[in-house]
file input_4.csv (CSV, C-alpha atoms and all ligand atoms)
chain,number,residue,atom,x,y,z
A,1,MET,CA,85.0,84.2,193.1
A,2,ASN,CA,87.0,83.3,190.0
A,3,VAL,CA,85.1,83.5,186.7
A,4,LEU,CA,86.2,82.1,183.4
A,5,ILE,CA,84.4,83.4,180.3
A,6,ILE,CA,84.9,81.4,177.0
A,7,THR,CA,83.5,83.1,173.9
A,8,ALA,CA,83.2,81.4,170.5
A,9,HIS,CA,82.6,84.1,167.9
A,10,PRO,CA,84.9,85.2,165.1
A,11,GLU,CA,83.9,88.9,165.3
A,12,SER,CA,85.2,91.0,168.2
A,13,ASP,CA,82.4,93.5,167.5
A,14,SER,CA,79.6,91.0,167.6
A,15,PHE,CA,76.6,90.9,170.0
A,16,ASN,CA,78.0,87.7,171.6
A,17,THR,CA,81.4,89.3,172.4
A,18,HIS,CA,79.7,92.4,173.6
A,19,LEU,CA,77.6,90.3,176.0
A,20,ALA,CA,80.7,88.4,177.2
A,21,SER,CA,82.4,91.8,178.0
A,22,ILE,CA,79.3,92.9,179.9
A,23,ALA,CA,79.5,89.7,182.0
A,24,ALA,CA,83.2,90.3,182.6
A,25,ARG,CA,82.5,93.9,183.7
A,26,THR,CA,79.6,92.9,185.9
A,27,PHE,CA,81.6,90.3,187.8
A,28,GLU,CA,84.7,92.5,188.1
A,29,LYS,CA,82.5,95.3,189.6
A,30,GLN,CA,81.4,92.7,192.2
A,31,GLY,CA,85.1,92.0,193.1
A,32,ALA,CA,85.4,88.7,191.2
A,33,SER,CA,88.6,87.8,189.3
A,34,VAL,CA,87.7,87.3,185.7
A,35,GLN,CA,89.6,85.5,182.9
A,36,SER,CA,88.3,85.9,179.4
A,37,VAL,CA,89.2,83.8,176.4
A,38,ASN,CA,87.9,84.1,172.8
A,39,LEU,CA,88.7,80.8,171.1
A,40,TYR,CA,88.9,82.6,167.7
A,41,GLY,CA,91.0,85.4,169.1
A,42,GLU,CA,93.6,82.9,170.2
A,43,ASN,CA,93.3,80.8,167.1
A,44,PHE,CA,92.4,77.7,169.1
A,45,GLU,CA,92.9,74.5,167.0
A,46,PRO,CA,89.6,72.6,167.4
A,47,ARG,CA,90.7,69.5,165.5
A,48,GLU,CA,91.9,66.6,167.7
A,49,GLY,CA,94.6,64.7,166.0
A,50,LYS,CA,97.7,62.5,166.4
A,51,SER,CA,100.2,65.3,165.9
A,52,PHE,CA,99.4,66.5,169.4
A,53,TYR,CA,100.8,63.4,171.0
A,54,PRO,CA,104.5,63.1,170.6
A,55,ASP,CA,104.9,60.4,173.1
A,56,LYS,CA,102.8,57.9,171.2
A,57,GLN,CA,102.5,54.5,172.8
A,58,GLY,CA,103.6,52.7,169.7
A,59,PHE,CA,100.1,51.5,168.5
A,60,GLU,CA,99.5,51.7,164.8
A,61,ARG,CA,96.0,53.0,165.1
A,62,PHE,CA,95.5,56.5,166.6
A,63,ASP,CA,93.4,56.0,169.8
A,64,PRO,CA,92.5,59.5,171.1
A,65,LEU,CA,91.3,58.3,174.5
A,66,ARG,CA,94.4,56.2,175.1
A,67,GLU,CA,96.7,59.1,174.0
A,68,GLN,CA,94.9,61.7,176.1
A,69,ARG,CA,95.2,59.6,179.2
A,70,HIS,CA,98.8,58.7,178.6
A,71,HIS,CA,99.9,62.2,177.9
A,72,TRP,CA,97.9,63.6,180.8
A,73,ASN,CA,99.6,61.1,183.1
A,74,ARG,CA,103.0,62.1,181.8
A,75,HIS,CA,102.3,65.8,181.8
A,76,LYS,CA,102.8,65.9,178.0
A,77,LEU,CA,99.6,67.4,176.7
A,78,PRO,CA,99.9,70.4,174.4
A,79,ASP,CA,100.5,73.7,176.1
A,80,ASP,CA,97.1,75.2,174.9
A,81,VAL,CA,95.2,72.3,176.4
A,82,MET,CA,97.1,72.5,179.7
A,83,ARG,CA,96.4,76.2,179.8
A,84,HIS,CA,92.7,75.7,179.3
A,85,ILE,CA,92.5,72.9,181.9
A,86,PHE,CA,94.4,75.2,184.3
A,87,LEU,CA,91.8,78.0,183.7
A,88,LEU,CA,88.9,75.6,184.2
A,89,LYS,CA,90.3,74.2,187.4
A,90,ASN,CA,91.0,77.7,188.7
A,91,SER,CA,87.6,79.1,188.2
A,92,ASP,CA,84.4,78.6,190.2
A,93,LEU,CA,82.1,79.8,187.5
A,94,LEU,CA,82.4,79.1,183.8
A,95,LEU,CA,80.4,81.2,181.3
A,96,LEU,CA,80.2,80.0,177.7
A,97,HIS,CA,79.0,82.6,175.2
A,98,PHE,CA,78.2,81.5,171.6
A,99,PRO,CA,75.8,82.0,168.7
A,100,PHE,CA,73.4,79.1,167.8
A,101,TRP,CA,74.9,77.8,164.5
A,102,TRP,CA,73.1,75.1,162.7
A,103,PHE,CA,71.1,74.1,165.7
A,104,GLY,CA,74.1,73.7,168.0
A,105,MET,CA,77.3,75.2,169.1
A,106,PRO,CA,80.0,76.6,166.7
A,107,ALA,CA,82.5,73.9,165.7
A,108,ILE,CA,85.3,75.6,167.4
A,109,LEU,CA,83.6,75.1,170.8
A,110,LYS,CA,82.8,71.5,170.1
A,111,GLY,CA,86.5,71.0,169.2
A,112,TRP,CA,87.5,72.8,172.4
A,113,MET,CA,85.6,70.2,174.3
A,114,ASP,CA,87.1,67.3,172.3
A,115,ARG,CA,90.6,68.5,173.0
A,116,VAL,CA,90.4,70.1,176.5
A,117,PHE,CA,88.0,67.7,178.3
A,118,VAL,CA,90.8,65.0,178.4
A,119,TYR,CA,90.1,61.4,179.4
A,120,GLY,CA,92.1,60.5,182.5
A,121,GLY,CA,92.4,64.2,183.5
A,122,LEU,CA,88.9,65.7,183.5
A,123,TYR,CA,87.0,62.4,183.7
A,124,ASP,CA,87.3,58.7,183.9
A,125,SER,CA,84.9,55.9,184.9
A,126,THR,CA,84.8,56.9,188.5
A,127,HIS,CA,84.9,60.6,188.1
A,128,ARG,CA,81.9,61.8,186.2
A,129,HIS,CA,78.5,63.3,186.6
A,130,GLU,CA,77.9,64.2,190.3
A,131,ASN,CA,81.4,62.7,191.1
A,132,GLY,CA,83.1,64.7,188.3
A,133,VAL,CA,86.4,66.5,188.6
A,134,MET,CA,84.6,69.9,188.3
A,135,LYS,CA,82.2,69.1,191.2
A,136,GLY,CA,81.2,72.3,193.1
A,137,LYS,CA,81.7,74.6,190.0
A,138,ARG,CA,78.9,76.2,188.1
A,139,ALA,CA,78.5,76.7,184.4
A,140,LEU,CA,76.2,78.9,182.4
A,141,LEU,CA,75.6,78.9,178.6
A,142,THR,CA,74.5,82.2,177.0
A,143,VAL,CA,73.4,81.6,173.5
A,144,SER,CA,71.9,83.9,170.8
A,145,ALA,CA,69.8,82.7,167.9
A,146,GLY,CA,68.6,84.4,164.7
A,147,ALA,CA,65.2,82.8,164.9
A,148,SER,CA,62.4,84.2,167.0
A,149,ALA,CA,61.4,83.0,170.5
A,150,ASN,CA,58.3,81.4,169.0
A,151,ALA,CA,60.2,79.6,166.2
A,152,CYS,CA,62.6,78.2,168.9
A,153,ALA,CA,59.9,77.2,171.4
A,154,PHE,CA,58.9,73.7,172.3
A,155,ASN,CA,56.2,73.8,169.6
A,156,GLY,CA,58.0,76.2,167.2
A,157,ARG,CA,58.9,75.6,163.6
A,158,ASP,CA,62.6,75.4,164.2
A,159,GLY,CA,62.3,72.9,167.0
A,160,ASP,CA,63.0,73.4,170.8
A,161,MET,CA,66.3,75.3,171.0
A,162,ARG,CA,66.6,74.6,174.8
A,163,LEU,CA,66.5,70.9,174.1
A,164,MET,CA,69.1,71.2,171.3
A,165,LEU,CA,71.5,72.5,173.9
A,166,TRP,CA,71.6,69.2,175.6
A,167,PRO,CA,75.0,68.1,174.1
A,168,PRO,CA,77.1,71.0,175.7
A,169,ILE,CA,74.9,70.9,178.8
A,170,HIS,CA,75.3,67.2,179.3
A,171,ALA,CA,79.1,67.3,178.5
A,172,LEU,CA,79.7,69.9,181.2
A,173,HIS,CA,77.6,68.0,183.7
A,174,TYR,CA,79.5,64.8,182.7
A,175,ILE,CA,82.7,66.4,183.9
A,176,GLY,CA,81.1,67.5,187.1
A,177,TYR,CA,79.7,71.0,186.6
A,178,THR,CA,76.4,72.2,188.1
A,179,LEU,CA,74.5,73.7,185.2
A,180,LEU,CA,72.5,76.9,185.4
A,181,GLU,CA,69.5,77.2,183.1
A,182,PRO,CA,70.9,78.6,179.8
A,183,TYR,CA,70.3,82.3,179.0
A,184,LEU,CA,68.8,82.4,175.5
A,185,ILE,CA,68.4,85.5,173.3
A,186,HIS,CA,66.2,85.0,170.3
A,187,GLY,CA,65.7,87.1,167.2
A,188,VAL,CA,69.3,88.4,167.0
A,189,ARG,CA,69.2,88.9,163.2
A,190,GLY,CA,71.9,90.3,161.0
A,191,GLY,CA,71.4,92.2,157.8
A,192,LEU,CA,68.9,94.7,159.1
A,193,ASP,CA,68.7,98.3,158.1
A,194,GLY,CA,66.7,101.5,159.1
A,195,SER,CA,63.9,101.0,161.5
A,196,GLY,CA,64.3,97.3,161.7
A,197,LYS,CA,67.9,97.8,162.9
A,198,GLU,CA,66.8,100.4,165.4
A,199,LYS,CA,64.1,98.2,166.8
A,200,GLN,CA,66.4,95.3,167.2
A,201,GLN,CA,69.0,97.5,168.9
A,202,GLN,CA,66.4,98.6,171.5
A,203,PHE,CA,65.5,94.9,172.1
A,204,LEU,CA,69.1,93.9,172.5
A,205,ASP,CA,69.8,96.8,174.9
A,206,GLU,CA,66.9,95.6,177.0
A,207,LYS,CA,68.3,92.1,176.9
A,208,VAL,CA,71.7,93.3,178.0
A,209,LYS,CA,70.2,95.1,181.0
A,210,ASP,CA,68.2,92.0,181.9
A,211,PHE,CA,71.3,89.8,181.6
A,212,GLU,CA,73.3,92.1,183.7
A,213,SER,CA,70.8,92.2,186.5
A,214,ARG,CA,70.4,88.4,186.4
A,215,LEU,CA,74.2,88.0,186.7
A,216,ILE,CA,74.3,90.3,189.8
A,217,ASN,CA,71.9,87.9,191.4
A,218,ILE,CA,73.5,84.8,190.0
A,219,SER,CA,73.0,82.9,193.3
A,220,GLU,CA,69.3,82.9,192.5
A,221,TRP,CA,69.8,81.5,189.0
A,222,PRO,CA,67.8,78.2,188.5
A,223,VAL,CA,69.9,75.0,188.4
A,224,ILE,CA,69.2,72.2,185.8
A,225,PRO,CA,68.3,69.0,187.6
A,226,PHE,CA,70.0,65.7,186.6
A,227,ASN,CA,69.5,62.2,187.6
A,228,ARG,CA,72.0,60.9,190.1
A,229,GLN,CA,73.9,57.6,190.0
A,230,GLU,CA,71.4,56.1,192.4
A,231,ASP,CA,68.6,56.7,189.9
A,232,PHE,CA,70.1,54.1,187.6
A,233,ASN,CA,70.1,50.3,187.6
A,234,ASP,CA,73.4,48.3,187.4
A,235,ASP,CA,72.8,48.1,183.6
A,236,LEU,CA,72.7,51.9,183.5
A,237,THR,CA,69.0,52.2,182.6
A,238,LEU,CA,66.7,54.5,184.6
A,239,LYS,CA,65.0,52.9,187.6
A,240,PRO,CA,61.2,52.8,187.3
A,241,GLN,CA,60.7,55.1,190.3
A,242,ALA,CA,63.4,57.6,189.4
A,243,PRO,CA,62.3,61.1,188.3
A,244,GLU,CA,62.5,62.2,184.7
A,245,TYR,CA,64.3,65.4,184.2
A,246,SER,CA,64.9,65.3,180.5
A,247,PRO,CA,63.5,63.8,177.3
A,248,PHE,CA,67.0,62.4,176.7
A,249,VAL,CA,66.7,60.1,179.8
A,250,ARG,CA,63.1,58.9,180.1
A,251,HIS,CA,61.0,56.0,181.1
A,252,SER,CA,59.1,55.5,177.9
A,253,PRO,CA,60.5,55.9,174.3
A,254,ASN,CA,57.2,57.4,173.2
A,255,ARG,CA,56.6,60.1,175.8
A,256,TRP,CA,58.2,62.3,178.3
A,257,THR,CA,56.6,63.6,181.5
A,258,PRO,CA,58.8,66.2,183.2
A,259,GLY,CA,59.2,65.7,186.9
A,260,SER,CA,57.3,62.4,186.9
A,301,LIG,C1,76.7,79.5,160.2
A,301,LIG,C2,75.5,80.0,160.9
A,301,LIG,C3,74.5,79.2,161.3
A,301,LIG,C4,73.4,79.6,161.9
A,301,LIG,N1,72.4,78.8,162.3
A,301,LIG,C5,71.3,79.2,163.0
A,301,LIG,C6,70.4,78.3,163.5
A,301,LIG,O1,70.5,77.1,163.4
A,301,LIG,N2,69.3,78.8,164.2
A,301,LIG,C7,69.1,80.2,164.4
A,301,LIG,O2,68.2,80.6,165.0
A,301,LIG,N3,70.0,81.1,163.9
A,301,LIG,C8,71.1,80.6,163.3
A,301,LIG,N4,72.1,81.5,162.8
A,301,LIG,C9,72.0,82.9,163.2
A,301,LIG,C10,72.8,83.3,164.4
A,301,LIG,O3,72.4,82.5,165.5
A,301,LIG,C11,72.8,84.8,164.7
A,301,LIG,O4,73.2,85.4,163.6
A,301,LIG,C12,73.6,85.1,165.9
A,301,LIG,O5,73.0,84.6,167.1
A,301,LIG,C13,73.7,86.6,166.1
A,301,LIG,O6,74.7,86.9,167.0
A,301,LIG,P1,76.0,87.7,166.7
A,301,LIG,O7,75.5,89.1,166.3
A,301,LIG,O8,76.8,87.8,168.0
A,301,LIG,O9,76.7,87.0,165.6
A,301,LIG,C14,73.2,81.0,162.1
A,301,LIG,C15,74.2,81.9,161.7
A,301,LIG,C16,75.3,81.4,161.1
A,301,LIG,C17,76.4,82.4,160.6
call {"tool": "encode", "arguments": {"input": "input_4.csv", "output": "structure tokens"}}
result
Amino acid sequence: MNVLIITAHPESDSFNTHLASIAARTFEKQGASVQSVNLYGENFEPREGKSFYPDKQGFERFDPLREQRHHWNRHKLPDDVMRHIFLLKNSDLLLLHFPFWWFGMPAILKGWMDRVFVYGGLYDSTHRHENGVMKGKRALLTVSAGASANACAFNGRDGDMRLMLWPPIHALHYIGYTLLEPYLIHGVRGGLDGSGKEKQQQFLDEKVKDFESRLINISEWPVIPFNRQEDFNDDLTLKPQAPEYSPFVRHSPNRWTPGS
């Protein structure tokens, strides 16, 4: 198995980078080939922009989708983007490790998606969702939050963290990945001293062990269900008899009944 681990954290001594290295070690021990990338470590440029497209098609207005497709077709995408696409295509399992920042992923990771998931190359109108370019590959998000599990629960004060991860989950499914249920670690707080710090360390050590054992049995990891193309009408709305898997794609604007 080829595993690609992408980490988005600016500190090489952080909990997130530690967890990513645990994942690498766990898979290597099992004989997998592992590639690890820290987007901060390689100074990845997350801002999409016209300067990346030397072979512009002569239009006044910068059209990112047009330029992405054009440069993909002519093998003229920037080297960093081509390298990341190569890494994605050459792995069977993608792990994304990142801290929950302002109720979502760090900007560098969003920018990585903006630049690397190129139109024409990683998706187009006929290659997406279950027919996506990454069909057959799995992806797992591992995300730490400062807030407690209660605060991040479906009825918690901070809102349902699992739901807030829909954008990266859906983006990965959009290009064809099978998504594993994300691994969430709550209560990873900075600024602690004394007994508070010790207690947190114990909790994190337990989480690391749990994560490790879950990875060893990754074939048993639950998969996130998505509606398939046949669940939608020609106008792309959900058919009345189709199942509801997510509050983002539901039958009624006012309620969501999982599995209905
Ligand atoms: C810019 C920033 C935004 C953050 N936003 C959130 C947030 O929305 N919800 C939350 O629970 N924690 C938030 N946190 C806390 C981080 O999630 C927490 O510090 C991190 O998961 C700890 O992991 P680390 O030790 O690897 O950095 C934020 C931290 C930073 C620096």
call {"tool": "residues_around", "arguments": {"input": "input_4.csv", "residues": "range 107-119 of chain A", "least_positions_apart": "3", "cutoff": "7 Å", "atoms": "all atoms listed in the file", "output": "PDB file with C-alpha atoms, keeping the file's coordinate frame"}}
result
ATOM      1  CA  ALA A   8      83.200  81.400 170.500  1.00  0.00           C
ATOM      2  CA  PRO A  46      89.600  72.600 167.400  1.00  0.00           C
ATOM      3  CA  ARG A  47      90.700  69.500 165.500  1.00  0.00           C
ATOM      4  CA  GLU A  48      91.900  66.600 167.700  1.00  0.00           C
ATOM      5  CA  LEU A  65      91.300  58.300 174.500  1.00  0.00           C
ATOM      6  CA  GLN A  68      94.900  61.700 176.100  1.00  0.00           C
ATOM      7  CA  ARG A  69      95.200  59.600 179.200  1.00  0.00           C
ATOM      8  CA  VAL A  81      95.200  72.300 176.400  1.00  0.00           C
ATOM      9  CA  HIS A  84      92.700  75.700 179.300  1.00  0.00           C
ATOM     10  CA  ILE A  85      92.500  72.900 181.900  1.00  0.00           C
ATOM     11  CA  LEU A 122      88.900  65.700 183.500  1.00  0.00           C
ATOM     12  CA  TYR A 123      87.000  62.400 183.700  1.00  0.00           C
ATOM     13  CA  ASP A 124      87.300  58.700 183.900  1.00  0.00           C
TER      14      ASP A 124
END
call {"tool": "residues_near_ligand", "arguments": {"input": "input_4.csv", "ligand": "ligand LIG 301 (chain A)", "cutoff": "7 Å", "atoms": "only C-alpha atoms and all ligand atoms", "output": "PyMOL selection string"}}
result
chain A and resi 9+14-17+99-104+144-147+188-190
call {"tool": "residues_around", "arguments": {"input": "input_4.csv", "residues": "Phe62 in chain A", "least_positions_apart": "3", "cutoff": "9 Å", "atoms": "all atoms listed in the file", "output": "VMD selection string"}}
result
chain A and resid 49 to 50 56 59 66 to 67
call {"tool": "write_last_selection", "arguments": {"input": "input_4.csv", "atoms": "C-alpha atoms", "output": "PDB file, keeping the file's coordinate frame"}}
result
ATOM      1  CA  GLY A  49      94.600  64.700 166.000  1.00  0.00           C
ATOM      2  CA  LYS A  50      97.700  62.500 166.400  1.00  0.00           C
ATOM      3  CA  LYS A  56     102.800  57.900 171.200  1.00  0.00           C
ATOM      4  CA  PHE A  59     100.100  51.500 168.500  1.00  0.00           C
ATOM      5  CA  ARG A  66      94.400  56.200 175.100  1.00  0.00           C
ATOM      6  CA  GLU A  67      96.700  59.100 174.000  1.00  0.00           C
TER       7      GLU A  67
END
call {"tool": "closest_residue", "arguments": {"input": "input_4.csv", "among": "A:Val208, A:Ile5, A:Leu192, A:Val133", "to": "Tyr174 in chain A", "atoms": "all atoms listed in the file"}}
result
A:Val133
call {"tool": "atom_distance", "arguments": {"input": "input_4.csv", "atom1": "CA of His97 in chain A", "atom2": "CA of Gly159 in chain A"}}
result
21.0 Å
call {"tool": "closest_residue", "arguments": {"input": "input_4.csv", "among": "A:Lys76, A:His70, A:Arg61, A:Leu87", "to": "Asn2 in chain A", "atoms": "only C-alpha atoms"}}
result
A:Leu87
call {"tool": "atom_distance", "arguments": {"input": "input_4.csv", "atom1": "CA of Phe98 in chain A", "atom2": "CA of Thr142 in chain A"}}
result
6.6 Å
call {"tool": "closest_residue", "arguments": {"input": "input_4.csv", "among": "A:Tyr245, A:Tyr183, A:Phe232, A:Trp256", "to": "Leu215 in chain A", "atoms": "only C-alpha atoms"}}
result
A:Tyr183
call {"tool": "atom_distance", "arguments": {"input": "input_4.csv", "atom1": "CA of Glu212 in chain A", "atom2": "CA of Glu11 in chain A"}}
result
21.5 Å
call {"tool": "closest_residue", "arguments": {"input": "input_4.csv", "among": "A:Ala242, A:Ile6, A:Ala171, A:Ala24", "to": "Asn38 in chain A", "atoms": "only C-alpha atoms"}}
result
A:Ile6
